[in-house]
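Student: Let me begin by handing over the structure; questions about it come next.
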Amino acid sequence: MSKAYVFTANGCEEVEALTTVDLLRRGGVETVMVSITEDLQVTGSHGIAFQADQLFGESDFSDGDALILPGGMPGTLNLQGDERLLAELKRADAKGSWVCAICAAPRILGSLGLLKGQKATCYPGNEQYLEGAEVTGQAAEISGHFVTGKGAGCAVDFGLALLSVLEGKEKAEEIARGIQWQH
């Protein structure tokens, strides 16, 4: 079984965070929601409060197969401002773990130089932050050990792409059929 960590911050896009967690858990991935704040309760960019599973400071991410960032504003900026998280993303990249982001959050990966030479997608208007990446505009993009997604409307595509790299294409297709995804 794969293990994924989804990092949350106040102002993150609820659909991107929770859809991703839901799809990964349906597919058998041990998925842990981590709050970068000092509180388990996180309030998304549209005022929807939800509870993370653990706090960043209580966590050891060395067993993670994937680190995942939802977008949204100001959530993306809050994630990007957390030096502990940036260090974990760099460690995961160096280790070859999956490093994943959707919507505005791929800009975090781009600012760290992680997307150089990779195909990537993001929310329109954030392309200039994807330093060295070939921006495709696709709903979801898998390149190297990175998965990126375009935005909230593409959260299912993003989640299924993650599931396919973590548990295989057949599992992703099974979950897609189970949720009646006809995209």
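Labels used: A, B, ... for chains in the order of the structure tokens, numbers from 1 for residues in each chain, and numbers from 1 for ligands as shown.
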Please list as an MDAnalysis selection string every residue within 9 Å of Leu162 (chain A), counting only C-alpha atoms and excluding residues in the same chain fewer than 2 positions away.
Tutor: chainID A and resid 20 23:24 66 98 100 142 147 157:160 164:167 172
Student: List every residue of region 12-47 of chain A that DSSP, applied to the backbone, labels as strand (DSSP E or B), and write the result as a list in words.
Tutor: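 Of region 12-47 of chain A, only Glu30, Thr31, Val32, Met33, Val34, Ser35, Gln41, Val42 and Thr43 of chain A fall in strand (DSSP E or B).
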Student: Neighbours of Gly64 (chain A) within 7 Å (only C-alpha atoms; same-chain residues fewer than 4 positions away dropped), as an NGL selection string?
Tutor: :A and (3-5)
Student: With C-alpha atoms retained, could you export that selection as an mmCIF file, in the first residue's frame?
Tutor:
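As written to disk, again.cif reads:
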data_model
loop_
_atom_site.group_PDB
_atom_site.id
_atom_site.type_symbol
_atom_site.label_atom_id
_atom_site.label_comp_id
_atom_site.auth_asym_id
_atom_site.auth_seq_id
_atom_site.Cartn_x
_atom_site.Cartn_y
_atom_site.Cartn_z
ATOM 1 C CA LYS A 3 1.272 6.367 1.481
ATOM 2 C CA ALA A 4 0.541 9.978 0.598
ATOM 3 C CA TYR A 5 0.621 13.210 2.557
#
Student: Restricting the calculation to only C-alpha atoms: of A:Glu131, A:Asp65, A:Glu141, A:Glu16, which residue gets closest to Val99 (chain A)?
Tutor: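 That would be A:Asp65, the residue with the smallest distance to Val99 (chain A).
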Student: Once DSSP has gone over the backbone, tell me which residues of region 46-162 of chain A are in alpha helix (DSSP H), as an NGL selection string.
Tutor: :A and (75-80 or 83-95 or 106-111 or 155-162)
Student: Can I get the selection written as a PDB file, in the first residue's frame, with C-alpha atoms?
Tutor:
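Here's the written file out.pdb:
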ATOM      1  CA  GLY A  75      -3.585  28.743   0.654  1.00  0.00           C
ATOM      2  CA  THR A  76      -0.860  28.369  -1.970  1.00  0.00           C
ATOM      3  CA  LEU A  77       0.987  31.374  -0.593  1.00  0.00           C
ATOM      4  CA  ASN A  78       0.598  30.028   2.947  1.00  0.00           C
ATOM      5  CA  LEU A  79       2.083  26.691   1.868  1.00  0.00           C
ATOM      6  CA  GLN A  80       4.865  28.432  -0.046  1.00  0.00           C
ATOM      7  CA  GLU A  83      10.141  26.711   5.073  1.00  0.00           C
ATOM      8  CA  ARG A  84       9.641  23.311   6.724  1.00  0.00           C
ATOM      9  CA  LEU A  85       7.357  22.241   3.892  1.00  0.00           C
ATOM     10  CA  LEU A  86       9.729  23.545   1.218  1.00  0.00           C
ATOM     11  CA  ALA A  87      12.543  21.498   2.781  1.00  0.00           C
ATOM     12  CA  GLU A  88      10.355  18.359   2.737  1.00  0.00           C
ATOM     13  CA  LEU A  89       9.488  18.911  -0.932  1.00  0.00           C
ATOM     14  CA  LYS A  90      13.189  19.190  -1.799  1.00  0.00           C
ATOM     15  CA  ARG A  91      13.953  16.006   0.181  1.00  0.00           C
ATOM     16  CA  ALA A  92      11.144  14.118  -1.558  1.00  0.00           C
ATOM     17  CA  ASP A  93      12.384  15.299  -4.946  1.00  0.00           C
ATOM     18  CA  ALA A  94      15.957  14.224  -4.183  1.00  0.00           C
ATOM     19  CA  LYS A  95      14.641  10.825  -3.095  1.00  0.00           C
ATOM     20  CA  PRO A 106       2.636  24.012  -8.977  1.00  0.00           C
ATOM     21  CA  ARG A 107       4.162  27.494  -8.711  1.00  0.00           C
ATOM     22  CA  ILE A 108       5.713  26.305  -5.434  1.00  0.00           C
ATOM     23  CA  LEU A 109       7.439  23.450  -7.244  1.00  0.00           C
ATOM     24  CA  GLY A 110       8.487  25.799 -10.027  1.00  0.00           C
ATOM     25  CA  SER A 111       9.949  28.343  -7.614  1.00  0.00           C
ATOM     26  CA  ALA A 155      -9.500  17.704  -9.236  1.00  0.00           C
ATOM     27  CA  VAL A 156     -10.898  14.293 -10.238  1.00  0.00           C
ATOM     28  CA  ASP A 157      -8.446  14.059 -13.163  1.00  0.00           C
ATOM     29  CA  PHE A 158      -5.623  15.003 -10.790  1.00  0.00           C
ATOM     30  CA  GLY A 159      -6.709  12.510  -8.130  1.00  0.00           C
ATOM     31  CA  LEU A 160      -7.037   9.699 -10.664  1.00  0.00           C
ATOM     32  CA  ALA A 161      -3.609  10.543 -12.119  1.00  0.00           C
ATOM     33  CA  LEU A 162      -2.160  10.302  -8.616  1.00  0.00           C
TER      34      LEU A 162
END
